[in-house]
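So this one's my_file-v8.txt, compact mmCIF, C-alpha atoms:
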# COMPACT_ATOMS: atom_id res chain seq x y z
CA MET A 1 -82.69 96.95 29.33
CA ASN A 2 -85.45 99.13 27.92
CA ALA A 3 -88.67 97.53 26.80
CA GLU A 4 -89.75 98.05 23.21
CA PRO A 5 -92.49 96.83 20.86
CA LYS A 6 -92.31 93.11 20.13
CA LYS A 7 -93.64 93.09 16.59
CA ASP A 8 -92.60 93.22 12.96
CA GLU A 9 -92.86 96.93 12.19
CA GLY A 10 -91.55 96.55 8.64
CA ALA A 11 -94.41 98.15 6.75
CA ALA A 12 -93.76 101.66 8.05
CA GLU A 13 -89.97 101.68 8.24
CA VAL A 14 -88.80 99.27 5.55
CA TRP A 15 -91.30 99.94 2.78
CA GLY A 16 -91.82 103.67 3.31
CA GLY A 17 -89.83 104.49 0.19
CA ILE A 18 -92.03 102.43 -2.12
CA THR A 19 -94.65 104.44 -3.98
CA PRO A 20 -97.51 104.67 -4.80
CA ASP A 21 -99.46 103.43 -1.81
CA ALA A 22 -100.94 100.52 -3.80
CA ALA A 23 -97.45 99.21 -4.65
CA ARG A 24 -96.44 99.46 -0.99
CA ARG A 25 -99.58 97.58 0.10
CA LEU A 26 -98.78 94.82 -2.38
CA VAL A 27 -95.22 94.46 -1.07
CA THR A 28 -96.45 94.28 2.52
CA ALA A 29 -99.07 91.70 1.56
CA ALA A 30 -96.50 89.66 -0.35
CA VAL A 31 -94.12 89.63 2.63
CA HIS A 32 -96.77 88.11 4.89
CA ALA A 33 -97.97 85.67 2.23
CA PHE A 34 -94.44 84.45 1.42
CA ALA A 35 -93.58 84.16 5.12
CA GLU A 36 -96.74 82.19 5.86
CA ARG A 37 -96.99 79.93 2.82
CA GLY A 38 -93.61 80.12 1.12
CA TYR A 39 -92.89 81.77 -2.23
CA HIS A 40 -93.80 78.83 -4.44
CA ALA A 41 -97.10 78.08 -2.67
CA THR A 42 -98.24 81.71 -2.83
CA THR A 43 -100.25 82.93 -5.81
CA THR A 44 -100.68 86.44 -7.13
CA ARG A 45 -104.36 86.09 -6.21
CA ASP A 46 -103.33 85.43 -2.59
CA ILE A 47 -101.22 88.58 -2.56
CA ALA A 48 -103.81 90.77 -4.22
CA GLY A 49 -106.50 89.54 -1.85
CA ARG A 50 -104.40 90.38 1.21
CA ALA A 51 -103.84 93.87 -0.21
CA GLY A 52 -107.56 94.35 -0.84
CA MET A 53 -107.02 94.53 -4.59
CA SER A 54 -107.89 92.52 -7.66
CA PRO A 55 -105.27 90.31 -9.37
CA ALA A 56 -105.49 92.60 -12.40
CA ALA A 57 -104.61 95.60 -10.24
CA LEU A 58 -101.48 93.82 -9.02
CA TYR A 59 -100.07 93.59 -12.54
CA ILE A 60 -100.24 97.37 -12.92
CA HIS A 61 -97.42 97.62 -10.38
CA TYR A 62 -95.59 94.28 -10.63
CA LYS A 63 -95.47 92.21 -13.79
CA THR A 64 -94.74 88.94 -11.98
CA LYS A 65 -94.68 87.40 -8.52
CA GLU A 66 -90.90 87.15 -8.86
CA GLU A 67 -90.69 90.90 -9.37
CA LEU A 68 -92.42 91.37 -6.03
CA LEU A 69 -89.94 89.05 -4.34
CA TYR A 70 -87.08 90.95 -5.97
CA GLN A 71 -88.39 94.24 -4.62
CA ILE A 72 -88.64 92.77 -1.12
CA SER A 73 -85.24 91.11 -1.27
CA LYS A 74 -83.42 94.12 -2.72
CA VAL A 75 -84.79 96.60 -0.18
CA GLY A 76 -84.13 94.23 2.73
CA HIS A 77 -80.57 93.47 1.68
CA GLU A 78 -79.82 97.15 1.07
CA ARG A 79 -81.02 97.93 4.60
CA ALA A 80 -78.79 95.18 6.04
CA LEU A 81 -75.81 96.55 4.11
CA GLU A 82 -76.52 100.07 5.35
CA ILE A 83 -76.48 98.84 8.96
CA VAL A 84 -73.10 97.11 8.77
CA GLU A 85 -71.44 99.80 6.65
CA LYS A 86 -72.48 102.43 9.18
CA ALA A 87 -70.83 100.39 11.93
CA ARG A 88 -67.72 99.74 9.82
CA ASP A 89 -67.25 103.45 9.16
CA ALA A 90 -67.99 104.62 12.70
CA GLY A 91 -65.33 105.75 15.12
CA GLY A 92 -64.12 103.64 18.01
CA THR A 93 -62.16 100.44 18.40
CA PRO A 94 -62.80 97.36 16.24
CA ALA A 95 -64.51 95.73 19.23
CA GLU A 96 -66.83 98.71 19.63
CA ARG A 97 -67.63 98.74 15.91
CA LEU A 98 -68.27 94.98 15.86
CA THR A 99 -70.55 95.35 18.88
CA HIS A 100 -72.51 98.07 17.13
CA ALA A 101 -72.73 96.09 13.87
CA VAL A 102 -73.98 92.90 15.50
CA HIS A 103 -76.37 94.65 17.87
CA ALA A 104 -77.98 96.70 15.10
CA PHE A 105 -78.03 93.83 12.59
CA VAL A 106 -79.62 91.40 15.05
CA ARG A 107 -82.09 93.98 16.30
CA TRP A 108 -83.26 94.67 12.75
CA HIS A 109 -83.73 90.96 12.04
CA ALA A 110 -85.74 90.58 15.24
CA GLU A 111 -87.86 93.71 14.85
CA HIS A 112 -88.61 92.84 11.22
CA HIS A 113 -88.53 89.06 11.59
CA THR A 114 -91.34 88.40 9.09
CA THR A 115 -89.71 90.55 6.42
CA ALA A 116 -86.24 89.21 7.22
CA ARG A 117 -87.34 85.58 6.84
CA VAL A 118 -88.48 86.30 3.30
CA VAL A 119 -85.43 88.43 2.51
CA GLN A 120 -82.94 85.85 3.79
CA TYR A 121 -84.58 82.51 3.02
CA GLU A 122 -86.42 82.95 -0.30
CA LEU A 123 -83.37 84.13 -2.21
CA GLY A 124 -83.24 80.99 -4.34
CA ALA A 125 -86.58 81.80 -5.96
CA LEU A 126 -85.22 84.91 -7.68
CA GLY A 127 -84.54 84.92 -11.39
CA GLU A 128 -80.92 84.75 -12.54
CA GLU A 129 -80.41 88.49 -13.09
CA HIS A 130 -82.15 89.55 -9.89
CA HIS A 131 -80.37 86.83 -7.92
CA ALA A 132 -76.98 88.08 -9.12
CA GLU A 133 -77.84 91.66 -8.11
CA VAL A 134 -78.90 90.65 -4.60
CA ILE A 135 -75.87 88.38 -4.18
CA ALA A 136 -73.65 91.37 -4.96
CA ILE A 137 -75.29 93.27 -2.08
CA ARG A 138 -74.78 90.26 0.21
CA LYS A 139 -71.10 90.15 -0.74
CA ALA A 140 -70.77 93.83 0.14
CA THR A 141 -72.36 93.12 3.54
CA ASP A 142 -69.93 90.26 4.04
CA GLY A 143 -67.07 92.55 3.10
CA ALA A 144 -68.09 95.23 5.60
CA VAL A 145 -68.16 92.77 8.49
CA ARG A 146 -64.90 91.17 7.34
CA ALA A 147 -63.24 94.59 7.30
CA ILE A 148 -64.11 95.12 10.98
CA LEU A 149 -62.72 91.70 11.88
CA GLU A 150 -59.52 92.35 9.91
CA ASP A 151 -59.08 95.67 11.72
CA GLY A 152 -59.47 93.87 15.04
CA VAL A 153 -56.91 91.23 14.14
CA ARG A 154 -54.38 93.86 13.02
CA ALA A 155 -54.95 95.82 16.23
CA GLY A 156 -54.48 92.69 18.33
CA GLU A 157 -58.04 92.93 19.70
CA PHE A 158 -59.35 89.79 18.01
CA ASP A 159 -57.92 86.28 17.96
CA VAL A 160 -59.22 84.93 14.64
CA ALA A 161 -57.27 82.46 12.53
CA ASP A 162 -59.77 82.41 9.63
CA VAL A 163 -61.34 85.84 9.12
CA ARG A 164 -63.46 84.75 6.15
CA GLY A 165 -64.83 81.79 8.06
CA ALA A 166 -65.49 83.93 11.12
CA THR A 167 -67.36 86.45 8.97
CA VAL A 168 -69.67 83.74 7.68
CA ALA A 169 -70.23 82.47 11.22
CA VAL A 170 -71.07 85.94 12.56
CA LEU A 171 -73.51 86.75 9.77
CA SER A 172 -75.15 83.32 9.91
CA LEU A 173 -75.66 83.65 13.66
CA CYS A 174 -77.28 87.07 13.25
CA ILE A 175 -79.49 86.18 10.30
CA ASP A 176 -80.88 83.09 12.00
CA VAL A 177 -82.62 85.34 14.54
CA ALA A 178 -85.29 86.01 11.92
CA ARG A 179 -86.12 82.31 11.80
CA TRP A 180 -86.83 81.81 15.50
CA PHE A 181 -87.65 85.22 16.97
CA ASN A 182 -91.08 85.29 18.63
CA ALA A 183 -92.71 88.68 19.01
CA GLN A 184 -94.62 87.35 22.02
CA GLY A 185 -91.51 85.86 23.59
CA ARG A 186 -89.63 86.96 26.67
CA SER A 187 -86.83 88.92 24.98
CA THR A 188 -87.07 92.20 23.10
CA PRO A 189 -85.15 92.80 19.86
CA ASP A 190 -82.78 95.08 21.78
CA GLU A 191 -82.10 92.41 24.39
CA VAL A 192 -81.39 89.81 21.72
CA GLY A 193 -79.07 92.26 19.96
CA GLU A 194 -77.16 92.85 23.18
CA LEU A 195 -76.90 89.12 23.87
CA TYR A 196 -75.61 88.33 20.38
CA ALA A 197 -73.10 91.18 20.45
CA GLY A 198 -71.58 89.62 23.57
CA LEU A 199 -71.58 86.17 22.00
CA VAL A 200 -69.77 87.42 18.91
CA LEU A 201 -67.14 89.25 20.96
CA ARG A 202 -66.37 86.00 22.75
CA MET A 203 -66.37 84.16 19.43
CA VAL A 204 -63.59 86.38 18.09
CA GLY A 205 -61.65 86.33 21.35
CA ALA A 206 -62.23 90.00 22.13
CA GLU A 207 -63.38 89.74 25.73
CA GLY A 208 -60.62 89.70 28.34
CA ARG A 209 -57.87 90.77 25.95

Rewrite the structure of this file - the entire thing - as structure tokens.
Amino acid sequence: MNAEPKKDEGAAEVWGGITPDAARRLVTAAVHAFAERGYHATTTRDIAGRAGMSPAALYIHYKTKEELLYQISKVGHERALEIVEKARDAGGTPAERLTHAVHAFVRWHAEHHTTARVVQYELGALGEEHHAEVIAIRKATDGAVRAILEDGVRAGEFDVADVRGATVAVLSLCIDVARWFNAQGRSTPDEVGELYAGLVLRMVGAEGR
């Protein structure tokens, strides 16, 4: 297994599309503040201070703290959806596509564990409209994984009695990596992705068939 950086590299890759630079710095600061203190315990002053800006400067880019969380959650969920849809639409057998989906999904949650914790576990703090929008993206992610499992069942590759339940189990297993992954730990994101891909294949009865 190849070694790779054991850190959350989210600022460069995940937030690169956010402009101007000040808005991107605020998002990055908010991610770390929310991950460290929780959304409700974090103030806009905390976020602005981490970004090296005044609280007044923050409001130029984001009207509320919730708007910052929405930006973080939306971008993170869109990235997760992109990962699983790419695997769903790739060539190969259902087992190969499921392997790719889980490996990439887990790797992202490990590499960007700080961002992913906020994206996945602060969802309840979003306002009603923003919450509904993000939930729609989550449902699309669920649907992409479920489609791979359904293909595997039809092809006789997977032994799954409850595809919906298995989909929830697979996604929950992958997402939880963000909660416990330690950048200074023994395993790299790639190694964890490989491990979880094997676990999921066994979960759906793919190995040995």

Near Val102 (chain A), within 10 Å and counting all atoms listed in the file, which residues show up once chain neighbours fewer than 2 positions away are dropped, as a PyMOL selection string?
chain A and resi 83-84+87+97-100+104-108+145+170-171+173-174+193-201

Just the residues within 12 Å of Trp15 (chain A), please, counting all atoms listed in the file, with nothing from its chain fewer than 2 positions along; format it as JSON, numbers by chain.
{"A": [9, 10, 11, 12, 13, 17, 18, 19, 20, 21, 22, 23, 24, 25, 26, 27, 28, 29, 30, 31, 71, 72, 73, 74, 75, 76, 78, 79, 112, 115]}

Quick one: residues within 8 Å of region 151-163 of chain A, all atoms listed in the file, excluding same-chain residues fewer than 2 positions away - as number ranges by chain?
A: 93-95, 146-149, 165-167, 204-206, 209

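For Tyr39 (chain A), the residues within 10 Å (counting all atoms listed in the file, excluding itself and residues fewer than 5 positions away along the chain) are A:Ala30, A:Val31, A:Ala33, A:Phe34, A:Lys65, A:Glu66, A:Leu69, A:Val118, A:Tyr121, A:Glu122, A:Leu123, A:Gly124, A:Ala125, A:Leu126.
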
Rounded to one decimal place, report the CA of Ile60 (chain A)-CA of Arg117 (chain A) distance in Å.
26.4 Å

Find the residues around Trp180 (chain A) up to 9 Å (all atoms listed in the file counted), leave out those fewer than 2 positions away in its own chain, and share them as an MDAnalysis selection string.
chainID A and resid 110 113 176:178 182

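CA of Gly143 (chain A) to CA of Val14 (chain A) spans 22.9 Å [interatomic distance, one decimal].
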
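Residue nearest Glu128 (chain A), chosen from A:Glu67, A:Gly185, A:His109, A:Thr141 and counting only C-alpha atoms: A:Glu67.
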
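CA of Thr43 (chain A) is positioned 28.7 Å from CA of Gln184 (chain A).
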
Of the residues A:Thr114, A:Ser187, A:Gln120, A:Ser172, which is the one nearest to Glu36 (chain A), using only C-alpha atoms?
A:Thr114

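With all atoms listed in the file as the atoms that count, the residue of A:Glu82, A:Asp46, A:Glu191, A:Asp89 with the shortest distance to Ile137 (chain A) is A:Glu82.
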
Given all atoms listed in the file as the basis, pick out the residue of A:Arg202, A:Thr64, A:Arg179, A:Asp142 nearest to Ala35 (chain A).
A:Arg179

Please report, as JSON, the centre and edge lengths in Å to one decimal of an axis-aligned box covering all listed atoms of region 23-37 of chain A with 8 Å per side.
{"center_x": -96.6, "center_y": 89.7, "center_z": 0.6, "size_x": 22.0, "size_y": 35.5, "size_z": 26.5}
